[in-house]
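Participant: Encoded as structure tokens, here's the structure I'll be asking about.
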Amino acid sequence: MKFLRQNSLRLAILLSVIVISIQTGREFHQMHIVDPIYPNPCEIRLLSDYFPTLKGTAGDTDVYLFEGDSPGATILILGGTHANEPAGMIAATCLIENISVETGRLFILPRANNSGFTHNDPQEGNPQSFTIRTTAGERSFRYGSRYTNPIDQWPDPDVYEHFPSGQQLSAAETRNLNRSYPGRPDGNLTEQIGFGIVQLLQKESVDIAIDMHEASLEYPVINALVAHQLAFDLAAEAVLYLQFNDIHFNLEPSPEEFRGLSHREWGDKLGIQALLMESANPLQGRYHGKVTAETVTSGLDKYNMEAAHSGLIEVEYPDTGIPLDLRVARHLAGLNQIFTVWNSYNENKINITDLPEYDDVLEQGIGAFLKQPTGER
Amino acid sequence: MEPELFILIAMMAVFALAVFAGKFPIGVSLVFAAVTGSLLSGFGLSLRHLVEGSISYLDPILIIITAMIFMEIIRETGALGEASRLIVVNLHSRPLLFLSAVTIFIMLPGMITGLSTASVLTTGAVVAPALIVWGIPKARTGSIIAMAALLGMVAPPINVPAMIIGGGVDMPYIGFGLPLLLATLPPALLVTFLLARPYFGRGSEEAIRNAFTDLPVHFKRWRLFLPVLILAVLMALSRIIPNDFTSMGMPLIFVIAGLSAYRSGLPFNYWKVIRVAVNKALPVMGILVGIGMFIQIMSLTGVRGYLIVNIVQIPSYWIFLAIMVTLPLFGAISSYGASYVLGVPFLLALLGRNEIIVASGLTLIASLGDMMPPTALAGIFAAQVVGEPNYFRILKICIPYIILTAVYGILIIIGANWLAKFLVI
């Protein structure tokens with residue numbers, strides 16, 4: 001009793017710490033429960049099928065293969081390279097749940113860096129998940145981090161030195177999948193994921209690879225299609241046709257001196273047409289106001305609006321915000337146009353049916369193109 | 001009044017009350033302020049955000065504690081005193097050479113690791129007794145160490161804030177060598193000379209020699225300094241062949257170096273040394289935990305967005321004043337945080353000037369945050385290594401030099417395009 005009396009404050013603090021640890025531990029653990037995706041008929045593989053070292057690790061991820069009856073072009077689409085850029089992941093999920101392929105083959109990785117979906121970036125105050133209303137009920141999706149979870153890859157070096165170029169970046173970038181390419185088999189987990197994706201590209205003789213991203217509103221490369229020089233003609237024509245349809249994309253050449261990026265290393269190493277799309281996510285960057293899960297889908301934010309009025313951001317910011325519906329619709333429209341341009345010049349075509357149209361997604365909302373929480377249409 | 005401004009004022013008020021009226025430690029006061037912000041914004045206690053924010057600086061915390069233990073160990077073995085003796089005895093008669101060597105020596109660990117605390121706690125602690133015996137008062141010695149350490153953090157080859165800013169605008173860390181050297185070496189040497197100038201020749205030859213007579217000079221020096229050598233080699237290897245040392249990390253390097261000190265000099269008890277080191281480092285570790293929570297709640301509640309949007313809207317040349325004031329002040333929370341939160345918008349607001357030079361200038365100014373209370377990592381640790389109980393005495397001495405450095409940083413930014421012709425290859 002004397003011990004308890006003398007140490008009552010210490011014991012109370014210790015007890016509080018234990019209770020808080022259990023409570024928050026549960027919340028953090030929730031992030032490891034994978035959101036279901038309800039694919040249309042397709043083959044589901046794992047990235048570890050291409051690079052077995054990834055098997056059983058947090059870096060392994062589902063690869064959805066849609067194969068047409070006729071041979072044609074082979075395409076790879078990545079969503080979720082950065083798990084805090086939800087439009088890429090939702091656009092990939094939307095494809096998986098809607099399309100079928102008649103000609104050619106389409107590989108889709110909706111969560112390219114699976115580990116990034118299991119945590120959030122400290123000091124950003126981001127939500128752990130957000131919901132999208134479907135035709136019958138809401139579906140929840142995780143909002144993750146730009147980086148591989150440090151639980152899976154730690155510690156960071158003092159400085160990240162890209163392999164093989166030796167380019168130096170800040171330490172956290174060692175966990176950024178889109179700075180890791182071409183990756184290496186004996187590297188850290190992120191480099192191994194990058195290596196696995198390059199193995200997939202190589203073994204499946206991919207013709208076009210497209211990485212779907214989002215960016216902060218003050219970032220100059222935004223609402224953009226970034227193209228390796230080998231894909232520049234394809235991208236230029238796609239952007240032109242998108243403009244005709246009042247869908248504005250900036251055409252950006254992939255910088256040659258900046259290493260580790262998908263659009264640079266895929267093109268350089270494999271000679272394929274490598275592209276990256278960026279939409280505008282108001283929750284990224286430094287100008288956003290109060291953070292809520294609704295902001296992810298509404299794209300409506302007070303201080304981004306003020307920044308827009310002062311000319312501080314790189315995109316138009318209407319009073320209605322930049323909703324997730326619009327951002328996903330832009331990705332889908334971009335993909336559709338890239339395929340159309342490709343088909344007009346190549347014998348090995350890619351023909352996809354039921355790819356949601358830009359106007360339909362805007363009109364009905366992206367939830368209309370996702371299956372219900374039960375997995376039914 | 002914007003609700004975010006009200007929340008900010010409330011958070012600051014609770015922090016001030018907790019520190020000054022409640023006499024709570026700064027780290028705990030920051031937690032109170034964060035909880036206040038969360039409650040006022042309607043998020044409740046938001047435990048998940050507080051915990052998530054609290055681990056923001058886990059890596060620096062581990063570096064600080066292991067570095068602190070290492071420093072205590074080599075203090076106990078006598079290596080620290082012997083190193084100081086060698087420096088003073090060999091160089092005291094040539095002040096310019098002595099001070100230049102001391103300044104660059106202090107800067108080295110910061111240059112390699114990108115951390116000012118690494119400089120203060122390693123080479124800073126080694127030269128502290130030497131400077132004091134040479135005749136420089138404790139507080140001035142602490143000021144010299146703190147300023148050289150934070151400039152070492154900015155100096156090439158490793159400048160983490162520049163990498164952080166670069167990461168925000170997709171600018172690789174290439175071509176920063178000469179600009180960062182210009183930004184750091186001249187002010188570092190100048191500040192040391194100006195701080196030490198009034199005390200040239202104060203320490204008499206006899207006093208200097210007598211000050212070290214009790215040190216274990218009869219020990220084998222190679223064994224005494226082996227832990228420091230191991231530390232230096234491992235730190236250097238992690239830079240020379242980083243991909244093979246990626247998983248090692250600074251904390252493990254300090255631990256290995258510390259373990260290698262067993263029977264290297266005077267006997268010591270590991271358990272006692274660790275307890276002393278943890279006690280010394282605990283306040284700063286607490287501050288870093290509190291800071292992480294504070295920034296997380298600022299972001300969550302929109303206070304961060306409110307602050308940044310209002311700061312970067314400052315028109316035209318006023319922006320330079322804003323950089324000079326806000327970057328160091330925000331750096332009081334964390335110089336890395338200041339680079340991340342404010343450095344990127346400022347760089348974007350200054351587009352048209354050479355980005356590498358601008359980023360170099362911005363990081364020079366952001367680094368000054370390591371002298372600002374409440375965190376003041378460089379300043380507080382410098383006070384500890386020289387045995388100065390009141391950190392604010394060091395801050396007071398440094399203020400003119402902090403302003404001087406900030407002005408120098410602004411001049412670099414203003415002349416960015418001109419400087420780029422000579423410095424960016």
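Following the order of the structure tokens, first chain is A, next is B, and so on, with residues numbered from 1 inside each chain and ligands from 1 in the order they appear.
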Taking only C-alpha atoms into account, which residues of chain B are within 6 Å of chain A, as JSON, numbers by chain?
Facilitator: {"B": [48, 52, 53, 56, 163, 164, 173, 246, 247, 249, 295, 296, 299, 300, 301, 302, 305, 309]}
Participant: Just the number, please: distance in Å from atom CA of B:Leu151 to atom CA of B:Met107, one decimal.
Facilitator: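 Atom-to-atom, atom CA of B:Leu151 and atom CA of B:Met107 are spaced 6.9 Å apart.
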Participant: May I have the residues within 12 Å of B:Ala18 as a short mmCIF file (atom, residue, chain, number, x, y, z; two decimals) with C-alpha atoms, in the first residue's frame, using only C-alpha atoms and disregarding those fewer than 5 positions away in the same chain?
Facilitator:
```
data_model
loop_
_atom_site.label_atom_id
_atom_site.label_comp_id
_atom_site.auth_asym_id
_atom_site.auth_seq_id
_atom_site.Cartn_x
_atom_site.Cartn_y
_atom_site.Cartn_z
CA MET B 11 -2.45 26.74 -28.30
CA MET B 12 0.29 29.31 -27.74
CA ALA B 13 -1.44 30.63 -24.61
CA LYS B 23 6.47 25.13 -14.53
CA PHE B 24 5.93 22.05 -16.66
CA PRO B 25 8.76 20.82 -18.91
CA ILE B 26 8.62 22.24 -22.45
CA GLY B 27 7.82 18.84 -23.97
CA VAL B 28 4.84 18.31 -21.68
CA SER B 29 3.64 21.88 -22.29
CA LEU B 30 3.69 21.24 -26.03
CA VAL B 31 1.48 18.19 -25.48
CA PHE B 32 -1.00 20.34 -23.52
CA ALA B 33 -1.02 22.88 -26.37
CA THR B 36 -6.00 22.14 -26.66
#
```
